[in-house]
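Student: Structure: protein_16.txt, compact mmCIF, C-alpha atoms.
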# COMPACT_ATOMS: atom_id res chain seq x y z
CA MET A 1 13.22 10.51 8.49
CA PHE A 2 10.25 8.90 6.72
CA PRO A 3 10.84 8.67 2.95
CA PHE A 4 7.20 7.83 2.18
CA THR A 5 3.77 8.31 3.67
CA PHE A 6 0.71 6.23 2.79
CA ALA A 7 -3.08 6.52 2.47
CA VAL A 8 -4.54 2.99 2.56
CA GLU A 9 -8.07 1.57 2.28
CA THR A 10 -9.37 -2.01 2.28
CA LEU A 11 -12.40 -3.07 0.28
CA THR A 12 -14.54 -6.12 -0.31
CA GLY A 13 -14.50 -7.74 -3.72
CA HIS A 14 -16.40 -10.68 -5.17
CA GLN A 15 -16.81 -13.99 -3.35
CA VAL A 16 -14.29 -16.51 -4.66
CA SER A 17 -16.61 -19.42 -3.85
CA GLY A 18 -18.82 -18.44 -6.79
CA ILE A 19 -21.47 -16.69 -4.75
CA VAL A 20 -21.42 -12.99 -5.55
CA GLN A 21 -21.09 -10.76 -2.51
CA LEU A 22 -23.04 -7.56 -2.92
CA PRO A 23 -22.29 -4.76 -2.77
CA LEU A 24 -18.80 -4.86 -4.27
CA CYS A 25 -15.90 -2.48 -3.62
CA VAL A 26 -17.19 -1.34 -0.25
CA TYR A 27 -14.79 -0.07 2.42
CA SER A 28 -14.44 -2.67 5.15
CA SER A 29 -12.17 -3.98 7.86
CA GLN A 30 -13.92 -7.34 8.20
CA PHE A 31 -13.76 -10.04 5.53
CA ARG A 32 -15.16 -13.54 5.18
CA ARG A 33 -13.21 -16.54 4.05
CA GLY A 34 -13.50 -16.77 0.29
CA THR A 35 -13.65 -13.00 -0.18
CA HIS A 36 -11.56 -11.15 -2.75
CA LEU A 37 -9.87 -8.61 -0.45
CA VAL A 38 -8.61 -5.45 -2.18
CA TRP A 39 -6.09 -2.93 -0.86
CA ARG A 40 -6.17 0.43 -2.61
CA PHE A 41 -3.56 2.98 -1.60
CA GLU A 42 -1.49 6.01 -2.46
CA VAL A 43 2.18 6.52 -1.68
CA PHE A 44 3.64 10.01 -1.24
CA ASP A 45 7.34 10.86 -1.44
CA THR A 46 8.04 13.06 1.59
CA SER A 47 11.11 14.66 -0.02
CA THR A 48 9.14 16.00 -3.00
CA ALA A 49 5.57 16.01 -1.56
CA LYS A 50 4.42 14.23 -4.73
CA ARG A 51 2.50 11.00 -5.29
CA LEU A 52 4.58 8.02 -6.31
CA THR A 53 3.25 6.61 -9.60
CA SER A 54 4.27 3.86 -11.99
CA LEU A 55 6.22 6.52 -13.94
CA ASP A 56 8.59 6.68 -10.95
CA SER A 57 9.40 2.95 -11.45
CA PRO A 58 9.15 1.96 -7.78
CA SER A 59 8.91 -1.56 -6.38
CA VAL A 60 5.62 -1.72 -4.45
CA LYS A 61 4.66 -4.94 -2.66
CA LEU A 62 2.06 -5.91 -0.12
CA VAL A 63 3.48 -8.58 2.20
CA LEU A 64 1.07 -10.83 4.14
CA GLU A 65 2.01 -12.08 7.60
CA ASN A 66 2.63 -15.56 6.18
CA GLY A 67 5.36 -14.11 3.91
CA GLN A 68 3.32 -14.16 0.70
CA GLU A 69 4.16 -11.14 -1.46
CA LEU A 70 1.62 -9.46 -3.72
CA THR A 71 3.04 -7.07 -6.29
CA ALA A 72 0.92 -3.93 -6.38
CA ARG A 73 -0.05 -2.39 -9.70
CA PHE A 74 -0.89 1.19 -10.54
CA ALA A 75 -4.45 1.20 -11.89
CA ARG A 76 -7.63 3.27 -12.14
CA LYS A 77 -10.18 2.98 -9.34
CA ALA A 78 -12.96 0.74 -10.67
CA GLY A 79 -11.37 0.99 -14.12
CA THR A 80 -12.47 4.58 -14.69
CA GLY A 81 -11.60 6.65 -11.60
CA PRO A 82 -8.35 8.24 -10.48
CA TRP A 83 -5.15 6.18 -10.46
CA THR A 84 -4.06 4.38 -7.25
CA TRP A 85 -1.88 1.45 -6.25
CA VAL A 86 -3.86 -1.82 -5.96
CA ALA A 87 -3.14 -5.25 -4.52
CA ALA A 88 -5.70 -8.03 -4.13
CA TRP A 89 -5.86 -11.42 -2.45
CA ASP A 90 -8.43 -14.20 -2.27
CA VAL A 91 -8.85 -15.20 1.38
CA PRO A 92 -8.48 -19.00 1.44
CA ALA A 93 -11.47 -21.00 2.69
CA ASP A 94 -9.29 -22.52 5.42
CA TYR A 95 -7.55 -19.28 6.50
CA PRO A 96 -7.51 -18.99 10.31
CA LEU A 97 -10.02 -16.61 11.84
CA GLY A 98 -8.67 -13.38 13.32
CA GLU A 99 -6.51 -10.54 12.08
CA ILE A 100 -4.87 -10.57 8.66
CA GLY A 101 -1.48 -8.97 9.20
CA TYR A 102 0.18 -7.17 6.31
CA THR A 103 2.69 -4.47 5.44
CA ILE A 104 3.29 -2.46 2.29
CA ALA A 105 6.93 -2.19 1.23
CA VAL A 106 8.12 0.47 -1.22
CA GLN A 107 11.53 0.92 -2.79
CA SER A 108 12.15 3.88 -5.07
CA LYS A 109 14.44 3.63 -8.08
CA ASP A 110 17.05 5.65 -6.14
CA GLY A 111 17.09 2.93 -3.43
CA ARG A 112 15.08 4.63 -0.67
CA THR A 113 12.76 2.25 1.17
CA GLY A 114 9.69 2.67 3.32
CA THR A 115 7.19 0.35 4.95
CA TYR A 116 3.58 0.90 5.92
CA ASP A 117 2.50 -1.15 8.93
CA PRO A 118 -1.14 -0.58 9.95
CA ASN A 119 -0.26 -1.58 13.52
CA LYS A 120 2.23 1.24 14.00
CA ALA A 121 1.86 5.00 14.10
CA ALA A 122 4.59 7.64 13.75
CA LEU A 123 5.04 10.62 16.00
CA ILE A 124 6.61 13.60 14.30
CA ASN A 125 7.88 17.01 15.35
CA LYS A 126 5.31 19.55 14.11
CA ASP A 127 7.98 22.27 14.10
CA ARG A 128 9.85 20.62 11.24
I'd like the structure from this file rewritten - as structure tokens, please.
Tutor:
Amino acid sequence: MFPFTFAVETLTGHQVSGIVQLPLCVYSSQFRRGTHLVWRFEVFDTSTAKRLTSLDSPSVKLVLENGQELTARFARKAGTGPWTWVAAWDVPADYPLGEIGYTIAVQSKDGRTGTYDPNKAALINKDR
């Protein structure tokens, strides 16, 4: 029913305007204009119960509500930690205040697709 499941976190990065925002890489759900917003996430294949990695050759994109697509890359957390998918975006100085809508779209090399939408939740049958 659901080909993939996701574990997603959003973090603050540096200030794009040249003023460094400290601390960096802190979990957050609120961001200022000019912030380097980072999404770090894992994707799990529900048919195999394994993490999807770059070795699986998937297409992984983060799509902003304005249609802009950010290709995610598989990288180490902070350059030295465990591997996760990462996408980042500099919030424009004139971006409207309010929610930043996004989805994460995954397509496996065998053609299965799945989408993470933070505004939706799935109900499942626990007996399955």
Student: Between atom CA of Ser29 of chain A and atom CA of Ser108 of chain A, what distance in Å does the model show, to one decimal?
Tutor: 28.6 Å
Student: Just to confirm, what's the straight-line distance from atom CA of Asp90 of chain A to atom CA of Lys77 of chain A in Å (one decimal)?
Tutor: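 It comes out at 18.7 Å.
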Student: What separation in Å, quoted to one decimal, exists between atom CA of Thr35 of chain A and atom CA of Val60 of chain A?
Tutor: 22.7 Å
Student: For each of A:Val38, A:Ala87, A:Leu11, A:Ala49, take the minimum atom-to-atom distance to Glu69 of chain A, counting all atoms listed in the file, then give the residue where this is smallest.
Tutor: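 Of all the options, A:Ala87 lies closest to Glu69 of chain A.
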Student: Counting all atoms listed in the file, what is within 12 Å of Asn119 of chain A, bar same-chain residues fewer than 3 positions away, as a PyMOL selection string?
Tutor: chain A and resi 99-104+115-116+122
Student: Just checking: using only C-alpha atoms, which residue out of A:Phe31, A:Phe44, A:Trp83, A:Trp89 ends up closest to Ala7 of chain A?
Tutor: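 Closest candidate: A:Phe44.
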Student: Looking at A:Thr12, A:Thr53, A:Thr71, A:Asn66, which one is nearest to His36 of chain A, with distances taken over all atoms listed in the file?
Tutor: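 Of A:Thr12, A:Thr53, A:Thr71, A:Asn66, the one nearest His36 of chain A is A:Thr12, counting all atoms listed in the file.
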Student: Please, can segment 43-66 of chain A be completed to N, CA, C and O atoms and returned as a PDB file, in the frame of the given file?
Tutor:
ATOM      1  N   VAL A  43       0.881   6.376  -2.322  1.00  0.00           N
ATOM      2  CA  VAL A  43       2.180   6.520  -1.680  1.00  0.00           C
ATOM      3  C   VAL A  43       2.688   7.921  -2.036  1.00  0.00           C
ATOM      4  O   VAL A  43       2.679   8.308  -3.204  1.00  0.00           O
ATOM      5  N   PHE A  44       3.126   8.663  -1.026  1.00  0.00           N
ATOM      6  CA  PHE A  44       3.640  10.010  -1.240  1.00  0.00           C
ATOM      7  C   PHE A  44       5.105  10.059  -0.850  1.00  0.00           C
ATOM      8  O   PHE A  44       5.495   9.551   0.202  1.00  0.00           O
ATOM      9  N   ASP A  45       5.915  10.667  -1.702  1.00  0.00           N
ATOM     10  CA  ASP A  45       7.340  10.860  -1.440  1.00  0.00           C
ATOM     11  C   ASP A  45       7.462  12.099  -0.558  1.00  0.00           C
ATOM     12  O   ASP A  45       7.101  13.200  -0.968  1.00  0.00           O
ATOM     13  N   THR A  46       7.969  11.929   0.653  1.00  0.00           N
ATOM     14  CA  THR A  46       8.040  13.060   1.590  1.00  0.00           C
ATOM     15  C   THR A  46       9.100  14.082   1.199  1.00  0.00           C
ATOM     16  O   THR A  46       9.023  15.226   1.625  1.00  0.00           O
ATOM     17  N   SER A  47      10.075  13.698   0.370  1.00  0.00           N
ATOM     18  CA  SER A  47      11.110  14.660  -0.020  1.00  0.00           C
ATOM     19  C   SER A  47      10.631  15.607  -1.124  1.00  0.00           C
ATOM     20  O   SER A  47      11.129  16.717  -1.256  1.00  0.00           O
ATOM     21  N   THR A  48       9.646  15.166  -1.909  1.00  0.00           N
ATOM     22  CA  THR A  48       9.140  16.000  -3.000  1.00  0.00           C
ATOM     23  C   THR A  48       7.681  16.415  -2.793  1.00  0.00           C
ATOM     24  O   THR A  48       7.181  17.258  -3.524  1.00  0.00           O
ATOM     25  N   ALA A  49       6.998  15.781  -1.828  1.00  0.00           N
ATOM     26  CA  ALA A  49       5.570  16.010  -1.560  1.00  0.00           C
ATOM     27  C   ALA A  49       4.707  15.641  -2.768  1.00  0.00           C
ATOM     28  O   ALA A  49       3.635  16.195  -2.962  1.00  0.00           O
ATOM     29  N   LYS A  50       5.178  14.677  -3.558  1.00  0.00           N
ATOM     30  CA  LYS A  50       4.420  14.230  -4.730  1.00  0.00           C
ATOM     31  C   LYS A  50       4.033  12.758  -4.574  1.00  0.00           C
ATOM     32  O   LYS A  50       4.710  11.996  -3.894  1.00  0.00           O
ATOM     33  N   ARG A  51       2.930  12.395  -5.259  1.00  0.00           N
ATOM     34  CA  ARG A  51       2.500  11.000  -5.290  1.00  0.00           C
ATOM     35  C   ARG A  51       3.494  10.171  -6.062  1.00  0.00           C
ATOM     36  O   ARG A  51       4.007  10.586  -7.095  1.00  0.00           O
ATOM     37  N   LEU A  52       3.749   8.966  -5.596  1.00  0.00           N
ATOM     38  CA  LEU A  52       4.580   8.020  -6.310  1.00  0.00           C
ATOM     39  C   LEU A  52       3.684   7.276  -7.302  1.00  0.00           C
ATOM     40  O   LEU A  52       2.643   6.742  -6.912  1.00  0.00           O
ATOM     41  N   THR A  53       4.048   7.276  -8.570  1.00  0.00           N
ATOM     42  CA  THR A  53       3.250   6.610  -9.600  1.00  0.00           C
ATOM     43  C   THR A  53       4.109   5.571 -10.297  1.00  0.00           C
ATOM     44  O   THR A  53       5.309   5.452 -10.046  1.00  0.00           O
ATOM     45  N   SER A  54       3.513   4.859 -11.227  1.00  0.00           N
ATOM     46  CA  SER A  54       4.270   3.860 -11.990  1.00  0.00           C
ATOM     47  C   SER A  54       5.349   4.522 -12.842  1.00  0.00           C
ATOM     48  O   SER A  54       6.348   3.892 -13.184  1.00  0.00           O
ATOM     49  N   LEU A  55       5.196   5.799 -13.174  1.00  0.00           N
ATOM     50  CA  LEU A  55       6.220   6.520 -13.940  1.00  0.00           C
ATOM     51  C   LEU A  55       7.508   6.687 -13.150  1.00  0.00           C
ATOM     52  O   LEU A  55       8.573   6.892 -13.727  1.00  0.00           O
ATOM     53  N   ASP A  56       7.415   6.574 -11.813  1.00  0.00           N
ATOM     54  CA  ASP A  56       8.590   6.680 -10.950  1.00  0.00           C
ATOM     55  C   ASP A  56       9.340   5.353 -10.830  1.00  0.00           C
ATOM     56  O   ASP A  56      10.370   5.281 -10.170  1.00  0.00           O
ATOM     57  N   SER A  57       8.805   4.293 -11.438  1.00  0.00           N
ATOM     58  CA  SER A  57       9.400   2.950 -11.450  1.00  0.00           C
ATOM     59  C   SER A  57       9.745   2.398 -10.066  1.00  0.00           C
ATOM     60  O   SER A  57      10.819   1.846  -9.874  1.00  0.00           O
ATOM     61  N   PRO A  58       8.837   2.523  -9.092  1.00  0.00           N
ATOM     62  CA  PRO A  58       9.150   1.960  -7.780  1.00  0.00           C
ATOM     63  C   PRO A  58       8.825   0.468  -7.726  1.00  0.00           C
ATOM     64  O   PRO A  58       8.129  -0.063  -8.596  1.00  0.00           O
ATOM     65  N   SER A  59       9.334  -0.205  -6.713  1.00  0.00           N
ATOM     66  CA  SER A  59       8.910  -1.560  -6.380  1.00  0.00           C
ATOM     67  C   SER A  59       7.908  -1.406  -5.251  1.00  0.00           C
ATOM     68  O   SER A  59       8.240  -0.824  -4.209  1.00  0.00           O
ATOM     69  N   VAL A  60       6.676  -1.865  -5.461  1.00  0.00           N
ATOM     70  CA  VAL A  60       5.620  -1.720  -4.450  1.00  0.00           C
ATOM     71  C   VAL A  60       5.014  -3.103  -4.227  1.00  0.00           C
ATOM     72  O   VAL A  60       4.442  -3.690  -5.137  1.00  0.00           O
ATOM     73  N   LYS A  61       5.171  -3.608  -2.993  1.00  0.00           N
ATOM     74  CA  LYS A  61       4.660  -4.940  -2.660  1.00  0.00           C
ATOM     75  C   LYS A  61       3.865  -4.904  -1.368  1.00  0.00           C
ATOM     76  O   LYS A  61       4.221  -4.186  -0.440  1.00  0.00           O
ATOM     77  N   LEU A  62       2.812  -5.691  -1.335  1.00  0.00           N
ATOM     78  CA  LEU A  62       2.060  -5.910  -0.120  1.00  0.00           C
ATOM     79  C   LEU A  62       2.505  -7.275   0.397  1.00  0.00           C
ATOM     80  O   LEU A  62       2.495  -8.245  -0.354  1.00  0.00           O
ATOM     81  N   VAL A  63       2.955  -7.341   1.639  1.00  0.00           N
ATOM     82  CA  VAL A  63       3.480  -8.580   2.200  1.00  0.00           C
ATOM     83  C   VAL A  63       2.541  -9.058   3.310  1.00  0.00           C
ATOM     84  O   VAL A  63       2.332  -8.347   4.304  1.00  0.00           O
ATOM     85  N   LEU A  64       1.958 -10.248   3.126  1.00  0.00           N
ATOM     86  CA  LEU A  64       1.070 -10.830   4.140  1.00  0.00           C
ATOM     87  C   LEU A  64       1.911 -11.406   5.272  1.00  0.00           C
ATOM     88  O   LEU A  64       3.095 -11.716   5.092  1.00  0.00           O
ATOM     89  N   GLU A  65       1.279 -11.589   6.428  1.00  0.00           N
ATOM     90  CA  GLU A  65       2.010 -12.080   7.600  1.00  0.00           C
ATOM     91  C   GLU A  65       2.608 -13.468   7.402  1.00  0.00           C
ATOM     92  O   GLU A  65       3.570 -13.826   8.073  1.00  0.00           O
ATOM     93  N   ASN A  66       2.080 -14.232   6.453  1.00  0.00           N
ATOM     94  CA  ASN A  66       2.630 -15.560   6.180  1.00  0.00           C
ATOM     95  C   ASN A  66       3.811 -15.496   5.206  1.00  0.00           C
ATOM     96  O   ASN A  66       4.336 -16.524   4.800  1.00  0.00           O
TER      97      ASN A  66
END
